[in-house]
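Participant: Next comes structure_2.pdb, PDB, C-alpha atoms:
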```
MODEL        1
ATOM      1  CA  MET E 917     123.408 174.681 158.450
ATOM      2  CA  SER E 918     125.497 171.756 157.240
ATOM      3  CA  VAL E 919     124.127 168.228 156.778
ATOM      4  CA  ARG E 920     126.193 167.113 159.771
ATOM      5  CA  GLN E 921     124.698 169.863 161.951
ATOM      6  CA  LYS E 922     121.157 169.021 160.798
ATOM      7  CA  LEU E 923     121.674 165.370 161.687
ATOM      8  CA  ALA E 924     123.050 166.282 165.111
ATOM      9  CA  LEU E 925     119.999 168.488 165.651
ATOM     10  CA  VAL E 926     117.723 165.621 164.568
ATOM     11  CA  GLY E 927     119.482 163.397 167.097
ATOM     12  CA  GLY E 928     118.904 165.971 169.810
ATOM     13  CA  LEU E 929     115.237 166.270 168.858
ATOM     14  CA  TYR E 930     114.818 162.485 169.131
ATOM     15  CA  LEU E 931     116.278 162.691 172.632
ATOM     16  CA  VAL E 932     114.145 165.590 173.900
ATOM     17  CA  ALA E 933     110.946 164.098 172.498
ATOM     18  CA  PHE E 934     110.982 161.368 175.163
ATOM     19  CA  PRO E 935     110.949 163.626 178.243
ATOM     20  CA  PHE E 936     108.668 166.124 176.533
ATOM     21  CA  TYR E 937     105.965 163.542 175.851
ATOM     22  CA  GLY E 938     106.515 161.323 178.879
ATOM     23  CA  GLY E 939     106.864 164.229 181.276
ATOM     24  CA  GLY E 940     103.894 165.967 179.710
ATOM     25  CA  GLN E 941     101.694 162.915 180.115
ATOM     26  CA  TYR E 942     102.860 162.471 183.712
ATOM     27  CA  LEU E 943     101.940 166.073 184.511
ATOM     28  CA  LEU E 944      98.602 165.821 182.687
ATOM     29  CA  LEU E 945      97.637 162.750 184.679
ATOM     30  CA  GLY E 946      98.821 164.473 187.857
ATOM     31  CA  GLY E 947      96.467 167.402 187.282
ATOM     32  CA  GLN E 948      99.065 169.932 186.119
ATOM     33  CA  HIS E 949      97.294 170.461 182.823
ATOM     34  CA  ALA E 950      98.945 173.670 181.588
ATOM     35  CA  LEU E 951     102.523 172.490 182.038
ATOM     36  CA  GLY E 952     101.696 168.969 180.888
ATOM     37  CA  LEU E 953     100.042 170.268 177.728
ATOM     38  CA  ALA E 954     102.982 172.597 177.069
ATOM     39  CA  LEU E 955     105.408 169.673 177.238
ATOM     40  CA  VAL E 956     103.293 167.452 174.975
ATOM     41  CA  LEU E 957     103.013 170.293 172.469
ATOM     42  CA  ALA E 958     106.806 170.758 172.677
ATOM     43  CA  ASN E 959     107.022 167.065 171.774
ATOM     44  CA  THR E 960     104.692 167.728 168.844
ATOM     45  CA  ALA E 961     107.009 170.482 167.602
ATOM     46  CA  SER E 962     110.078 168.267 168.088
ATOM     47  CA  VAL E 963     108.597 165.326 166.212
ATOM     48  CA  ILE E 964     107.457 167.500 163.318
ATOM     49  CA  ALA E 965     110.873 169.184 163.199
ATOM     50  CA  ILE E 966     112.513 165.751 162.835
ATOM     51  CA  GLY E 967     110.467 165.147 159.695
ATOM     52  CA  VAL E 968     111.089 168.644 158.351
ATOM     53  CA  LEU E 969     114.855 168.363 158.817
ATOM     54  CA  LEU E 970     115.123 164.834 157.405
ATOM     55  CA  ARG E 971     112.890 165.374 154.361
ATOM     56  CA  PRO E 972     115.350 167.285 152.156
ATOM     57  CA  LEU E 973     118.198 164.927 153.063
ATOM     58  CA  ILE E 974     116.191 161.828 152.162
ATOM     59  CA  ALA E 975     114.631 163.462 149.079
ATOM     60  CA  GLN E 976     118.052 163.586 147.423
ATOM     61  CA  THR E 977     117.736 159.841 146.830
ATOM     62  CA  SER E 978     114.090 158.976 147.493
ATOM     63  CA  PRO E 979     111.372 161.639 147.312
ATOM     64  CA  GLY E 980     108.695 159.087 148.235
ATOM     65  CA  VAL E 981     110.448 158.024 151.442
ATOM     66  CA  ALA E 982     111.104 161.684 152.216
ATOM     67  CA  ALA E 983     107.373 162.418 151.959
ATOM     68  CA  VAL E 984     106.443 159.421 154.105
ATOM     69  CA  THR E 985     108.987 160.478 156.736
ATOM     70  CA  LEU E 986     107.791 164.089 156.793
ATOM     71  CA  TRP E 987     104.072 163.335 156.840
ATOM     72  CA  GLY E 988     104.450 160.380 159.179
ATOM     73  CA  ARG E 989     106.278 162.516 161.731
ATOM     74  CA  ALA E 990     103.825 165.384 161.256
ATOM     75  CA  LEU E 991     100.816 163.118 161.784
ATOM     76  CA  GLU E 992     102.440 161.442 164.782
ATOM     77  CA  GLY E 993     103.096 164.788 166.454
ATOM     78  CA  LEU E 994      99.712 166.289 165.628
ATOM     79  CA  ILE E 995      97.810 163.216 166.835
ATOM     80  CA  LEU E 996      99.745 163.150 170.125
ATOM     81  CA  GLY E 997      99.083 166.860 170.609
ATOM     82  CA  ALA E 998      95.379 166.407 169.823
ATOM     83  CA  GLY E 999      95.145 163.649 172.420
ATOM     84  CA  ALA E1000      96.613 165.917 175.086
ATOM     85  CA  LEU E1001      94.291 168.753 174.051
ATOM     86  CA  ALA E1002      91.298 166.419 174.327
ATOM     87  CA  PHE E1003      92.459 165.366 177.784
ATOM     88  CA  VAL E1004      92.723 168.983 178.960
ATOM     89  CA  ALA E1005      89.457 170.037 177.296
ATOM     90  CA  THR E1006      87.574 167.408 179.266
ATOM     91  CA  ALA E1007      89.542 168.060 182.478
ATOM     92  CA  GLY E1008      90.957 164.548 182.315
ATOM     93  CA  LYS E1009      87.584 162.887 182.659
ATOM     94  CA  GLY E1010      86.725 159.558 181.013
ATOM     95  CA  LEU E1011      86.274 160.652 177.408
ATOM     96  CA  GLY E1012      89.399 162.811 177.369
ATOM     97  CA  ASP E1013      91.430 160.054 178.976
ATOM     98  CA  ALA E1014      90.194 157.554 176.391
ATOM     99  CA  LEU E1015      90.825 159.981 173.521
ATOM    100  CA  ASN E1016      94.352 160.615 174.803
ATOM    101  CA  ASP E1017      95.025 156.863 174.973
ATOM    102  CA  HIS E1018      93.577 156.259 171.500
ATOM    103  CA  ALA E1019      95.552 159.193 170.114
ATOM    104  CA  TYR E1020      98.742 157.626 171.471
ATOM    105  CA  GLN E1021      97.877 154.313 169.841
ATOM    106  CA  ALA E1022      97.038 155.938 166.507
ATOM    107  CA  ALA E1023     100.213 158.049 166.571
ATOM    108  CA  MET E1024     102.353 155.003 167.318
ATOM    109  CA  LEU E1025     100.781 153.081 164.439
ATOM    110  CA  VAL E1026     101.632 155.981 162.128
ATOM    111  CA  LEU E1027     105.166 156.022 163.542
ATOM    112  CA  ALA E1028     105.484 152.266 163.069
ATOM    113  CA  VAL E1029     104.679 152.526 159.367
ATOM    114  CA  ALA E1030     106.663 155.700 158.645
ATOM    115  CA  GLY E1031     109.554 154.500 160.799
ATOM    116  CA  ALA E1032     109.725 151.148 159.020
ATOM    117  CA  VAL E1033     109.796 152.908 155.631
ATOM    118  CA  PHE E1034     112.548 155.238 156.884
ATOM    119  CA  ALA E1035     114.590 152.378 158.370
ATOM    120  CA  ARG E1036     114.274 150.390 155.140
ATOM    121  CA  TRP E1037     115.548 153.436 153.230
ATOM    122  CA  MET E1038     118.499 153.766 155.642
ATOM    123  CA  LEU E1039     119.337 150.107 155.062
ATOM    124  CA  ALA E1040     119.248 150.508 151.265
ATOM    125  CA  ALA E1041     121.049 153.868 151.259
ATOM    126  CA  ARG E1042     123.691 152.613 153.699
ATOM    127  CA  VAL E1043     123.750 155.935 155.539
ATOM    128  CA  VAL E1044     124.282 154.235 158.911
ATOM    129  CA  PRO E1045     125.648 150.769 159.714
ATOM    130  CA  ALA E1046     123.415 148.017 158.381
ATOM    131  CA  ALA E1047     122.936 146.581 161.866
ATOM    132  CA  LEU E1048     121.522 149.897 163.109
ATOM    133  CA  SER E1049     119.183 150.233 160.114
ATOM    134  CA  ALA E1050     118.031 146.614 160.484
ATOM    135  CA  ALA E1051     117.459 147.162 164.204
ATOM    136  CA  GLY E1052     115.310 150.166 163.318
ATOM    137  CA  LEU E1053     113.276 148.186 160.818
ATOM    138  CA  ILE E1054     112.675 145.403 163.338
ATOM    139  CA  ALA E1055     111.940 147.911 166.108
ATOM    140  CA  TYR E1056     109.322 149.840 164.126
ATOM    141  CA  LEU E1057     107.625 146.665 162.893
ATOM    142  CA  SER E1058     107.659 145.435 166.473
ATOM    143  CA  LEU E1059     106.150 148.740 167.621
ATOM    144  CA  GLY E1060     103.236 148.248 165.243
ATOM    145  CA  THR E1061     102.728 144.717 166.566
ATOM    146  CA  GLY E1062     102.882 145.961 170.146
ATOM    147  CA  ILE E1063     100.289 148.657 169.570
ATOM    148  CA  VAL E1064      97.934 146.169 167.935
ATOM    149  CA  LEU E1065      98.414 143.900 170.960
ATOM    150  CA  GLU E1066      97.635 146.840 173.235
ATOM    151  CA  ILE E1067      94.482 147.661 171.281
ATOM    152  CA  VAL E1068      93.228 144.071 171.648
ATOM    153  CA  GLY E1069      93.856 144.127 175.399
ATOM    154  CA  GLN E1070      97.255 142.470 175.701
ATOM    155  CA  GLN E1071      99.006 145.357 177.498
ATOM    156  CA  ASP E1072     101.390 143.109 179.442
ATOM    157  CA  LEU E1073     102.666 141.536 176.255
ATOM    158  CA  SER E1074     102.604 144.735 174.197
ATOM    159  CA  LEU E1075     105.256 146.467 176.270
ATOM    160  CA  TRP E1076     107.886 143.955 175.150
ATOM    161  CA  PHE E1077     107.190 144.847 171.531
ATOM    162  CA  ILE E1078     106.895 148.601 172.054
ATOM    163  CA  ALA E1079     110.087 149.046 174.077
ATOM    164  CA  GLY E1080     112.361 148.161 171.160
ATOM    165  CA  ALA E1081     111.370 151.254 169.182
ATOM    166  CA  GLY E1082     112.191 153.515 172.108
ATOM    167  CA  ILE E1083     115.557 151.847 172.592
ATOM    168  CA  PHE E1084     116.292 152.090 168.881
ATOM    169  CA  GLU E1085     115.417 155.801 168.783
ATOM    170  CA  LEU E1086     117.703 156.518 171.746
ATOM    171  CA  VAL E1087     120.625 154.647 170.157
ATOM    172  CA  PHE E1088     119.918 156.188 166.748
ATOM    173  CA  ALA E1089     119.808 159.676 168.286
ATOM    174  CA  VAL E1090     123.194 159.216 169.920
ATOM    175  CA  TRP E1091     124.579 157.815 166.645
ATOM    176  CA  LEU E1092     123.350 160.859 164.698
ATOM    177  CA  ILE E1093     124.867 163.241 167.227
ATOM    178  CA  ALA E1094     128.191 161.405 167.303
ATOM    179  CA  HIS E1095     128.545 160.309 163.674
ATOM    180  CA  GLY E1096     125.842 161.721 161.393
ATOM    181  CA  TRP E1097     125.488 159.452 158.403
ATOM    182  CA  ARG E1098     127.637 158.359 155.493
ATOM    183  CA  ASP E1099     127.717 160.551 152.378
ATOM    184  CA  GLY E1100     125.242 162.902 154.032
ATOM    185  CA  GLY E1101     122.441 160.626 152.794
ATOM    186  CA  ARG E1102     123.365 160.962 149.155
ATOM    187  CA  ALA E1103     123.722 157.251 148.355
ATOM    188  CA  GLN E1104     121.402 156.353 145.484
ATOM    189  CA  VAL E1105     118.515 154.033 146.368
TER
ENDMDL
END
```
Show this structure as structure tokens.
Facilitator:
Amino acid sequence: MSVRQKLALVGGLYLVAFPFYGGGQYLLLGGQHALGLALVLANTASVIAIGVLLRPLIAQTSPGVAAVTLWGRALEGLILGAGALAFVATAGKGLGDALNDHAYQAAMLVLAVAGAVFARWMLAARVVPAALSAAGLIAYLSLGTGIVLEIVGQQDLSLWFIAGAGIFELVFAVWLIAHGWRDGGRAQV
């Protein structure tokens, strides 16, 4: 598979992760535990695959960022999957619901850190337009802020900070599908 094809696949995985996780959570909360869990676990696989596919491309110029991207995505996916499993194991009762919520928060904090490192690498490596990389850096830092606000009980305010990361990932996904990145990620950092 060429670098261009891998990046298009990564873009597609970013796009399917949203309905997999969101739809899975919707079904879990609606009592359709088997299908909901299957979708959340499909999200887990998608998120991990993003890290697996990006790691060798990033490692050409920055092995440390490649490791952070891989392990950040792996942890994000595994934590989200564990939250859904806890929800199903407790039949959606109080503890499982709380564990699922806390798993989401923990996974998003991991994503905020790993995503910011990845976006900073993209900015330095110039693999996508600087404005897109900078938007990613701001979005992931904002995501971390939003999750902290959510944890301290400021849910109404947190949404404004969290939404930017979702918007960035949608735009970034479309960019990867349409354009890939410059030099296949081989710019020295």
Participant: With the PyMOL selection byres ((chain E and resi 1055) around 9) as the selection, what would be picked from this file? Answer as a PyMOL selection string, please.
Facilitator: chain E and resi 1028+1031-1032+1050-1054+1056-1060+1077-1084
Participant: With distances taken over all atoms listed in the file, which of E:Thr977, E:Gly999, E:Leu1027, E:Ser918 is nearest to Ile964 in chain E?
Facilitator: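 So, comparing all the options, the nearest one is E:Leu1027.
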Participant: Calculated over all atoms listed in the file, which of the candidates E:Asn1016, E:Gln976, E:Thr1006, E:Thr985 has the smallest distance to Gly940 in chain E?
Facilitator: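 Ranked by minimum distance to Gly940 in chain E, first place goes to E:Asn1016.
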Participant: So, with all atoms listed in the file as the atoms that count, which of E:Val1029, E:Leu943, E:Leu970, E:Leu1073 lies closest to Val926 in chain E?
Facilitator: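 Of the candidates, the smallest distance to Val926 in chain E is held by E:Leu970.
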Participant: The PyMOL selection byres ((chain E and resi 1023) around 10) on the file shown: which residues, as an NGL selection string?
Facilitator: :E and (988-997 or 999 or 1017-1022 or 1024-1028 or 1063)
Participant: Given the point (110.5, 166.3, 166.7) in the coordinates of this file, which residues lie within 9 Å, counting only C-alpha atoms, and how would they look as a list of chain:residue names?
Facilitator: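 The requested residues, written out, are E:Val926, E:Gly928, E:Leu929, E:Tyr930, E:Val932, E:Ala933, E:Ala958, E:Asn959, E:Thr960, E:Ala961, E:Ser962, E:Val963, E:Ile964, E:Ala965, E:Ile966, E:Gly967, E:Val968, E:Arg989, E:Ala990, E:Gly993.
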Participant: Which residue gives the smallest distance to Leu953 in chain E among E:Ser978, E:Thr1061, E:Gln941, E:Gln1071, with only C-alpha atoms counted?
Facilitator: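 Using only C-alpha atoms, the shortest distance to Leu953 in chain E belongs to E:Gln941.
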Participant: What's the separation between CA of Ala1094 in chain E and CA of Leu969 in chain E, in Å to one decimal place?
Facilitator: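 CA of Leu969 in chain E lies at a distance of 17.3 Å from CA of Ala1094 in chain E.
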Participant: Any chance you could resolve the PyMOL selection byres ((chain E and resi 1045) around 12) against this file and give the residues as a compact mmCIF listing (two decimals) with C-alpha atoms, in the coordinates of the input?
Facilitator:
```
# COMPACT_ATOMS: atom_id res chain seq x y z
CA ALA E 1035 114.59 152.38 158.37
CA MET E 1038 118.50 153.77 155.64
CA LEU E 1039 119.34 150.11 155.06
CA ALA E 1040 119.25 150.51 151.26
CA ALA E 1041 121.05 153.87 151.26
CA ARG E 1042 123.69 152.61 153.70
CA VAL E 1043 123.75 155.94 155.54
CA VAL E 1044 124.28 154.24 158.91
CA ALA E 1046 123.42 148.02 158.38
CA ALA E 1047 122.94 146.58 161.87
CA LEU E 1048 121.52 149.90 163.11
CA SER E 1049 119.18 150.23 160.11
CA ALA E 1050 118.03 146.61 160.48
CA ALA E 1051 117.46 147.16 164.20
CA GLY E 1052 115.31 150.17 163.32
CA PHE E 1088 119.92 156.19 166.75
CA TRP E 1091 124.58 157.82 166.64
CA LEU E 1092 123.35 160.86 164.70
CA HIS E 1095 128.54 160.31 163.67
CA GLY E 1096 125.84 161.72 161.39
CA TRP E 1097 125.49 159.45 158.40
CA ARG E 1098 127.64 158.36 155.49
```
Participant: Quick one: pull the distance between CA of Phe1034 in chain E and CA of Pro972 in chain E, Å, one decimal.
Facilitator: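 Computing the Euclidean distance for CA of Phe1034 in chain E and CA of Pro972 in chain E yields 13.2 Å.
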Participant: What is the CA of Gly1069 in chain E-CA of Gly1010 in chain E distance in Å, reported with one decimal?
Facilitator: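 According to the coordinates, CA of Gly1069 in chain E and CA of Gly1010 in chain E are separated by 17.9 Å.
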Participant: Mind checking which residues fall within 8 Å of Leu944 in chain E, counting all atoms listed in the file, ignoring those fewer than 5 positions away in the same chain, and posting them as a short mmCIF file (atom, residue, chain, number, x, y, z; two decimals) with C-alpha atoms, keeping the file's coordinate frame?
Facilitator:
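Output file around-v4.cif is given in full below:
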```cif
data_model
loop_
_atom_site.label_atom_id
_atom_site.label_comp_id
_atom_site.auth_asym_id
_atom_site.auth_seq_id
_atom_site.Cartn_x
_atom_site.Cartn_y
_atom_site.Cartn_z
CA HIS E 949 97.29 170.46 182.82
CA ALA E 950 98.94 173.67 181.59
CA LEU E 951 102.52 172.49 182.04
CA GLY E 952 101.70 168.97 180.89
CA LEU E 953 100.04 170.27 177.73
CA ALA E 1000 96.61 165.92 175.09
CA PHE E 1003 92.46 165.37 177.78
CA VAL E 1004 92.72 168.98 178.96
CA GLY E 1008 90.96 164.55 182.32
#
```
Participant: Neighbouring residues of Leu1086 in chain E were defined as those with any atom within 9 Å, considering all atoms listed in the file; residues of the same chain fewer than 6 positions away were excluded. Please report them as a list in words.
Facilitator: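 Selected residues are Gly927, Tyr930, Leu931 and Phe934 of chain E.
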Participant: With C-alpha atoms retained, write the just-selected residues as a CSV table (one decimal), in the coordinates of the input.
Facilitator:
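Wrote result35.csv, looks like this:
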```csv
chain,number,residue,atom,x,y,z
E,927,GLY,CA,119.5,163.4,167.1
E,930,TYR,CA,114.8,162.5,169.1
E,931,LEU,CA,116.3,162.7,172.6
E,934,PHE,CA,111.0,161.4,175.2
```
Participant: So, counting only C-alpha atoms, which residue among E:Leu1001, E:Ala975, E:Ala1030, E:Val1068 is closest to Leu955 in chain E?
Facilitator: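 Ranking E:Leu1001, E:Ala975, E:Ala1030, E:Val1068 by distance to Leu955 in chain E, first place goes to E:Leu1001.
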Participant: Can you sort out the box for range 1013-1027 of chain E, edges along x, y and z, all listed atoms in, 5 Å on every side, with centre and edge lengths in Å to one decimal, as JSON?
Facilitator:
```
{"center_x": 97.7, "center_y": 156.8, "center_z": 170.6, "size_x": 25.0, "size_y": 17.5, "size_z": 26.8}
```
Participant: Within 8 Å of Ala1002 in chain E, counting all atoms listed in the file, which residues show up once you throw out same-chain ones fewer than 5 positions away? Write them as an MDAnalysis selection string, please.
Facilitator: chainID E and resid 1012:1013 1015:1016
